[in-house]
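**Student:** Below is the file input01.cif, which contains mmCIF, C-alpha atoms.
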data_query
#
loop_
_atom_site.label_atom_id
_atom_site.label_comp_id
_atom_site.auth_asym_id
_atom_site.auth_seq_id
_atom_site.Cartn_x
_atom_site.Cartn_y
_atom_site.Cartn_z
CA MET A 1 -148.10 5.41 84.08
CA SER A 2 -146.86 8.16 86.31
CA ASP A 3 -148.24 11.67 86.06
CA LYS A 4 -145.55 13.64 87.82
CA ALA A 5 -142.47 14.67 85.94
CA VAL A 6 -139.26 13.40 87.46
CA ASP A 7 -137.17 16.29 86.16
CA TYR A 8 -137.78 19.54 84.34
CA ILE A 9 -135.32 21.40 82.11
CA GLU A 10 -135.99 24.83 80.68
CA MET A 11 -134.14 27.30 78.51
CA LYS A 12 -134.87 30.48 76.61
CA LEU A 13 -132.96 31.55 73.53
CA PRO A 14 -133.11 34.21 70.85
CA ALA A 15 -135.49 33.11 68.08
CA LYS A 16 -132.70 33.01 65.49
CA ALA A 17 -131.71 30.22 63.12
CA GLU A 18 -128.21 29.95 64.61
CA TYR A 19 -129.66 28.86 67.97
CA VAL A 20 -131.78 26.00 66.59
CA GLY A 21 -128.70 23.79 66.70
CA VAL A 22 -128.16 24.64 70.37
CA VAL A 23 -131.69 23.47 71.22
CA ARG A 24 -131.08 20.31 69.18
CA LEU A 25 -127.90 19.51 71.09
CA THR A 26 -129.59 20.17 74.43
CA VAL A 27 -132.49 17.85 73.68
CA SER A 28 -130.09 15.23 72.38
CA GLY A 29 -128.17 15.42 75.67
CA VAL A 30 -131.28 15.15 77.82
CA ALA A 31 -132.72 12.25 75.78
CA ASN A 32 -129.41 10.44 75.92
CA ARG A 33 -129.39 10.83 79.70
CA VAL A 34 -132.89 9.38 79.93
CA GLY A 35 -131.87 6.36 77.89
CA TYR A 36 -133.48 6.75 74.49
CA SER A 37 -132.16 4.74 71.57
CA TYR A 38 -130.00 6.34 68.91
CA ASP A 39 -132.88 6.44 66.41
CA ASP A 40 -135.32 7.92 68.93
CA ILE A 41 -132.81 10.63 69.83
CA GLU A 42 -132.40 11.51 66.16
CA ASP A 43 -136.20 11.70 65.81
CA LEU A 44 -136.43 13.98 68.85
CA LYS A 45 -133.70 16.23 67.44
CA ILE A 46 -135.53 16.67 64.14
CA ALA A 47 -138.96 17.26 65.74
CA VAL A 48 -137.57 19.88 68.14
CA ALA A 49 -135.60 21.60 65.38
CA GLU A 50 -138.74 21.75 63.23
CA ALA A 51 -140.69 23.37 66.06
CA CYS A 52 -137.91 25.90 66.65
CA THR A 53 -137.60 26.65 62.94
CA ASN A 54 -141.33 27.46 62.91
CA VAL A 55 -140.76 29.95 65.71
CA VAL A 56 -137.75 31.48 63.95
CA ASP A 57 -139.60 31.80 60.62
CA HIS A 58 -143.11 32.76 61.70
CA ALA A 59 -143.45 33.98 65.27
CA TYR A 60 -141.88 37.41 65.25
CA LYS A 61 -141.60 40.35 62.89
CA GLN A 62 -138.52 41.44 64.82
CA ASN A 63 -136.44 39.87 67.54
CA GLY A 64 -138.07 37.58 70.05
CA LEU A 65 -137.44 34.56 72.22
CA MET A 66 -138.13 30.88 71.85
CA ALA A 67 -138.55 28.74 74.94
CA LEU A 68 -137.78 25.06 75.37
CA GLY A 69 -139.23 23.02 78.21
CA CYS A 70 -138.44 19.31 78.71
CA SER A 71 -140.44 17.32 81.23
CA VAL A 72 -138.79 13.99 81.87
CA PHE A 73 -141.15 11.25 83.08
CA LYS A 74 -140.40 7.64 83.92
CA ASP A 75 -141.86 6.41 80.66
CA LYS A 76 -141.84 9.44 78.36
CA ILE A 77 -140.42 12.84 77.59
CA GLU A 78 -142.63 15.84 76.93
CA ILE A 79 -141.04 18.70 75.04
CA VAL A 80 -142.65 22.12 74.71
CA VAL A 81 -141.38 24.69 72.23
CA SER A 82 -143.14 28.01 72.67
CA ASP A 83 -143.06 31.66 71.65
CA ASN A 84 -144.98 34.82 72.41
CA GLY A 85 -145.44 35.78 68.81
CA GLN A 86 -148.15 35.51 66.19
CA SER A 87 -150.39 32.50 66.43
CA PHE A 88 -151.59 30.49 63.48
CA ASN A 89 -154.60 28.30 62.91
CA PHE A 90 -153.34 24.76 63.38
CA ASP A 91 -156.61 23.15 62.34
CA ASP A 92 -156.48 24.85 58.95
CA LEU A 93 -152.83 23.99 58.63
CA LYS A 94 -153.37 20.37 59.56
CA LYS A 95 -155.69 19.80 56.62
CA GLY A 96 -152.81 20.50 54.28
CA LEU A 97 -150.29 18.26 56.05
CA GLY A 98 -149.00 15.18 54.35
CA PRO A 99 -146.15 13.69 52.42
CA ILE A 100 -145.28 14.77 48.92
CA ASP A 101 -147.63 13.57 46.23
CA GLY A 102 -145.46 11.74 43.71
CA LYS A 103 -148.05 12.15 40.97
CA LYS A 104 -147.98 15.94 41.07
CA PRO A 105 -145.99 17.74 38.38
CA ILE A 106 -142.60 18.79 39.75
CA GLY A 107 -143.38 22.45 39.14
CA GLU A 108 -146.25 22.30 41.62
CA LEU A 109 -144.31 20.82 44.54
CA GLU A 110 -144.17 23.05 47.59
CA GLU A 111 -140.88 23.78 49.29
CA GLY A 112 -142.33 24.43 52.73
CA GLY A 113 -144.92 22.81 54.93
CA LEU A 114 -143.08 19.58 55.65
CA GLY A 115 -141.99 20.65 59.14
CA LEU A 116 -145.25 20.05 61.01
CA PHE A 117 -145.82 16.87 59.06
CA LEU A 118 -142.42 15.60 60.20
CA ILE A 119 -143.12 16.50 63.84
CA ASP A 120 -146.38 14.58 63.59
CA SER A 121 -144.63 11.59 62.03
CA LEU A 122 -141.67 11.43 64.37
CA MET A 123 -143.34 12.00 67.74
CA ASP A 124 -145.96 9.84 69.48
CA LYS A 125 -148.28 12.68 70.46
CA VAL A 126 -148.43 16.32 69.32
CA GLU A 127 -150.62 19.11 70.68
CA ILE A 128 -150.70 22.82 69.96
CA ASN A 129 -151.69 25.43 72.54
CA ARG A 130 -152.48 28.95 71.46
CA GLU A 131 -153.14 30.96 74.57
CA SER A 132 -150.42 33.55 74.19
CA GLY A 133 -148.35 32.82 71.14
CA VAL A 134 -147.88 29.23 70.07
CA ALA A 135 -146.74 26.25 72.13
CA ILE A 136 -146.09 22.92 70.47
CA VAL A 137 -146.26 20.06 72.99
CA MET A 138 -144.55 16.91 71.74
CA THR A 139 -144.41 13.59 73.55
CA LYS A 140 -142.22 10.58 72.88
CA PHE A 141 -142.51 7.41 74.93
CA LEU A 142 -139.51 5.55 76.18
CA GLN A 143 -139.43 2.02 74.78
CA ARG A 144 -137.83 -0.41 77.17
CA ASP A 145 -137.54 -4.13 76.52
CA GLU A 146 -140.51 -3.95 74.22
CA VAL A 147 -140.92 -4.04 70.50
CA GLU A 148 -139.80 -0.68 69.22
CA GLN A 149 -142.16 1.23 66.99
CA ASN A 150 -140.84 3.30 64.16
CA ALA A 151 -142.52 6.39 62.75
CA ASN A 152 -145.09 4.42 60.78
CA GLY A 153 -146.15 2.37 63.77
CA VAL A 154 -144.47 -0.70 62.29
CA PRO A 155 -142.32 -2.68 64.70
CA ALA A 156 -138.68 -1.91 64.05
CA PRO A 157 -136.01 -4.60 64.20
CA THR A 158 -135.14 -5.33 67.78
CA ASN A 159 -132.35 -7.11 69.60
CA ALA A 160 -134.79 -8.74 71.99
CA GLN A 161 -134.97 -11.99 70.07
CA LYS A 162 -131.26 -12.56 70.38
CA GLN A 163 -131.44 -13.30 74.07
CA MET B 1 -121.41 25.59 62.61
CA ASN B 2 -121.02 25.70 58.86
CA LEU B 3 -121.54 23.34 56.00
CA ASP B 4 -118.54 21.99 54.14
CA ILE B 5 -119.35 22.53 50.50
CA ARG B 6 -117.09 21.70 47.58
CA THR B 7 -117.90 21.58 43.88
CA GLU B 8 -116.08 19.47 41.30
CA GLU B 9 -116.59 19.79 37.58
CA GLU B 10 -116.35 16.59 35.58
CA LYS B 11 -115.61 16.26 31.88
CA ASP B 12 -119.02 14.87 30.94
CA ASN B 13 -120.89 18.07 31.74
CA SER B 14 -121.62 17.01 35.27
CA ASN B 15 -121.01 18.85 38.50
CA ILE B 16 -120.56 17.05 41.79
CA LEU B 17 -121.43 18.97 44.92
CA TYR B 18 -119.94 17.47 48.06
CA VAL B 19 -121.79 18.48 51.21
CA GLY B 20 -120.75 17.77 54.78
CA GLY B 21 -122.18 18.76 58.16
CA GLU B 22 -125.68 19.45 59.44
CA ILE B 23 -128.30 20.94 57.11
CA ASP B 24 -130.75 22.99 59.18
CA ALA B 25 -132.42 26.40 59.20
CA TYR B 26 -129.05 28.12 59.74
CA THR B 27 -126.95 26.26 57.17
CA ALA B 28 -129.59 25.63 54.49
CA PRO B 29 -129.08 29.03 52.81
CA GLN B 30 -125.41 28.09 52.15
CA LEU B 31 -126.58 24.93 50.42
CA ARG B 32 -129.12 26.84 48.35
CA GLU B 33 -126.49 29.34 47.22
CA ALA B 34 -124.15 26.58 46.08
CA LEU B 35 -126.75 24.27 44.55
CA LEU B 36 -129.25 26.45 42.72
CA PRO B 37 -126.82 28.09 40.26
CA LEU B 38 -125.59 24.61 39.21
CA THR B 39 -129.11 23.52 38.33
CA GLU B 40 -129.58 26.57 36.12
CA LYS B 41 -126.86 25.76 33.58
CA ASP B 42 -128.63 24.14 30.62
CA GLY B 43 -127.60 20.54 29.96
CA THR B 44 -125.70 20.01 33.21
CA ASN B 45 -125.98 16.86 35.32
CA VAL B 46 -125.87 17.86 38.95
CA VAL B 47 -124.87 15.21 41.47
CA VAL B 48 -125.06 15.99 45.18
CA ASP B 49 -122.93 13.76 47.40
CA LEU B 50 -124.47 13.74 50.88
CA SER B 51 -122.20 11.13 52.46
CA GLY B 52 -120.79 13.77 54.81
CA VAL B 53 -124.24 14.86 56.01
CA ASP B 54 -125.35 13.42 59.35
CA TYR B 55 -128.39 15.63 59.94
CA ILE B 56 -131.07 17.14 57.73
CA ASP B 57 -134.53 18.53 58.46
CA SER B 58 -137.37 20.06 56.47
CA THR B 59 -135.42 23.22 55.65
CA GLY B 60 -132.84 21.08 53.86
CA LEU B 61 -135.51 19.01 52.15
CA GLY B 62 -137.08 22.27 50.96
CA ILE B 63 -133.79 23.27 49.31
CA PHE B 64 -133.74 20.01 47.36
CA ILE B 65 -137.36 20.48 46.28
CA GLY B 66 -136.42 23.95 45.05
CA ALA B 67 -133.38 22.54 43.24
CA LEU B 68 -135.48 19.80 41.64
CA LYS B 69 -137.96 22.39 40.35
CA SER B 70 -135.13 24.52 39.04
CA SER B 71 -133.43 21.60 37.28
CA ASN B 72 -136.75 20.56 35.81
CA SER B 73 -137.37 23.94 34.26
CA ASN B 74 -133.75 24.51 33.18
CA ASN B 75 -133.22 21.21 31.39
CA THR B 76 -130.66 19.84 33.85
CA THR B 77 -130.69 16.66 35.92
CA LEU B 78 -130.37 16.33 39.68
CA LYS B 79 -129.24 13.24 41.53
CA LEU B 80 -128.53 12.67 45.22
CA ILE B 81 -125.99 10.07 46.29
CA GLY B 82 -124.38 8.78 49.48
CA LEU B 83 -127.35 9.27 51.83
CA ASN B 84 -126.95 7.53 55.18
CA SER B 85 -129.92 5.62 56.54
CA ARG B 86 -131.10 8.48 58.77
CA VAL B 87 -131.06 11.01 55.94
CA LYS B 88 -132.66 8.53 53.54
CA ARG B 89 -135.41 7.88 56.07
CA LEU B 90 -136.53 11.53 56.01
CA PHE B 91 -136.74 11.45 52.21
CA SER B 92 -138.92 8.31 52.53
CA ILE B 93 -141.23 9.65 55.25
CA THR B 94 -141.90 12.81 53.26
CA GLY B 95 -142.36 10.95 49.97
CA LEU B 96 -139.52 12.89 48.38
CA ASP B 97 -137.81 9.65 47.37
CA GLU B 98 -140.69 9.12 44.93
CA VAL B 99 -139.96 12.27 42.98
CA MET B 100 -136.18 12.51 43.25
CA ASP B 101 -133.34 10.46 41.83
CA ILE B 102 -131.68 9.05 44.95
CA ASP B 103 -128.88 6.54 45.45
CA GLU B 104 -128.27 5.30 48.95
CA GLU B 105 -124.90 4.94 50.61
CA ARG B 106 -122.71 2.58 48.68
CA GLU B 107 -122.19 -0.78 50.38
CA GLU B 108 -118.41 -0.61 50.35
CA ALA B 109 -118.49 2.76 52.07
CA LYS B 110 -119.73 1.18 55.29
#
Just give me the structure as C-alpha cells.

**Tutor:**
Amino acid sequence: MSDKAVDYIEMKLPAKAEYVGVVRLTVSGVANRVGYSYDDIEDLKIAVAEACTNVVDHAYKQNGLMALGCSVFKDKIEIVVSDNGQSFNFDDLKKGLGPIDGKKPIGELEEGGLGLFLIDSLMDKVEINRESGVAIVMTKFLQRDEVEQNANGVPAPTNAQKQ
Amino acid sequence: MNLDIRTEEEKDNSNILYVGGEIDAYTAPQLREALLPLTEKDGTNVVVDLSGVDYIDSTGLGIFIGALKSSNSNNTTLKLIGLNSRVKRLFSITGLDEVMDIDEEREEAK
C-alpha cells in the first residue's frame, strides 16, 4: 500500500446538469489511463455522475460550482466531488438507503434516493466530509491479476484460469 | 448530447418507445416528456426499447419508477426490452427488476 498519490487531476465546472456528462467522460479517460477494466470504468462513471447530480440538484439555490478531484495511486483511485453549497445530514440519509422493496405497493415507490445507494454499491469505500459544503470521497481499488470483485463482493468471472 | 427518442404505434393498442443514447440528469427530462404521456392513455401497452441505451444512472431509473406508478394508476402496462448487461445490472442492484417487467437483450441481437 502506498500513501502518496502518483498523480492528481482537478477540474471545476458549473453545477449544471449538462456538465455531468463532461465529468463522466473525464473520469472515464483517467480510469482508462490507469488501467481499470471496462466494468470498473462503467461503475466509476455512474458513481461520479451520481455525486455530481446530487450537487446539481441540492447544493445551490442559484448558480454554483462543482469540483472534481482525482487522486491516482498505484493501487487505487480516489475521487472527490465537492461543492460549497448547502450541506445535508448524511447519517440521517444513510438510514433510508437501500434497494427497492419489491413487496411495497407500486404507488409507494420513491423516484429519488437511489443515487447515494448506487455510489455505495459501486465503489469500494465512500466517505462524506461536511466542512464547507459537501465533499463525497469515493475510492475504487485497482484489481490486478486477482479475482475481481463485483458490486456485491462476489467474485466476478475472470480470465485468470485460462492461463 | 441528446437522447434519440422515437415512438411507434402498433395496431394492438401498444406503443413502442425507442430510446438511444445516455440517460442522465441532463437527458432524463426528455425521456420523461416522451414516456409519461404514453402511460396515461387508458388501456395502452407501453413498451420501451432500450437497446440503444449504453448508459443510465439513478435519474433515469427514477423516470421509469415514475412511469411505472403512472401506468399502474392509469390502467396501462409498461415493459422494458433490449437492456444490455450494464443497464440490466443497475436495475438488479437497485431491486427495480423485481417490480418491473423487464426483458433482457435478445440473444440474436448480440

**Student:** Got a sec to resolve the PyMOL selection byres ((chain A) within 9 of (chain B)) on this structure and send the residues as JSON, numbers by chain?

**Tutor:** {"A": [16, 17, 18, 19, 20, 21, 39, 42, 46, 47, 49, 50, 53, 56, 98, 99, 100, 101, 102, 103, 106, 107, 108, 109, 110, 111, 112, 113, 114, 115, 117, 118, 121, 151, 152]}

**Student:** Please report the interatomic distance between CA of Phe141 (chain A) and CA of Met123 (chain A) in Å with one decimal.

**Tutor:**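 Separation between CA of Phe141 (chain A) and CA of Met123 (chain A): 8.6 Å.
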
**Student:** Run through the PyMOL selection byres ((chain B and resi 78) around 6) on the given coordinates and return the selected residues as a list in words.

**Tutor:** Val46, Val47, Thr77 and Lys79 of chain B

**Student:** Written as number ranges by chain, which residues does the PyMOL selection byres ((chain B and resi 3-12) around 9) give for the file shown?

**Tutor:** B: 1-2, 13-23, 27-28, 30-31, 34, 44-45, 52-53

**Student:** Just how far from CA of Glu104 (chain B) is CA of Ile81 (chain B), in Å to one decimal?

**Tutor:**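 Taking CA of Ile81 (chain B) as the start and CA of Glu104 (chain B) as the end point, the length is 5.9 Å.
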
**Student:** What is the distance, in Å and to one decimal place, between CA of Val48 (chain B) and CA of Leu83 (chain B)?

**Tutor:**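 Separation of CA of Val48 (chain B) and CA of Leu83 (chain B): 9.7 Å.
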
**Student:** Which residue out of A:Ile136, A:Ala67, A:Leu116, A:Ile128 has the minimum interatomic distance to Val23 (chain A) when all atoms listed in the file are used?

**Tutor:**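 Closest to Val23 (chain A) of all the choices is A:Ala67.
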
**Student:** Could you list as a list in words every residue that has an atom within 8 Å of (-126.1, 21.9, 29.0), using the file's coordinates and counting all atoms listed in the file?

**Tutor:**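 Output: Asn13, Lys41, Asp42, Gly43, Thr44, Asn75 and Thr76 of chain B.
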
**Student:** Write the residues of the selection above to a file with C-alpha atoms, as a compact mmCIF listing (two decimals), in the frame of the given file.

**Tutor:**
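Writing done, so here's part21.txt:
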# COMPACT_ATOMS: atom_id res chain seq x y z
CA ASN B 13 -120.89 18.07 31.74
CA LYS B 41 -126.86 25.76 33.58
CA ASP B 42 -128.63 24.14 30.62
CA GLY B 43 -127.60 20.54 29.96
CA THR B 44 -125.70 20.01 33.21
CA ASN B 75 -133.22 21.21 31.39
CA THR B 76 -130.66 19.84 33.85

**Student:** Pick the closest to Arg33 (chain A) from A:His58, A:Val48, A:Lys4, A:Val72: which is it, counting all atoms listed in the file?

**Tutor:** A:Val72

**Student:** For region 46-50 of chain A, take all atoms listed in the file, fit an axis-aligned box around them, add 5 Å to each of the six sides, then output centre and edge lengths in Å rounded to one decimal, as JSON.

**Tutor:**
{"center_x": -137.2, "center_y": 19.2, "center_z": 65.7, "size_x": 13.4, "size_y": 15.1, "size_z": 14.9}
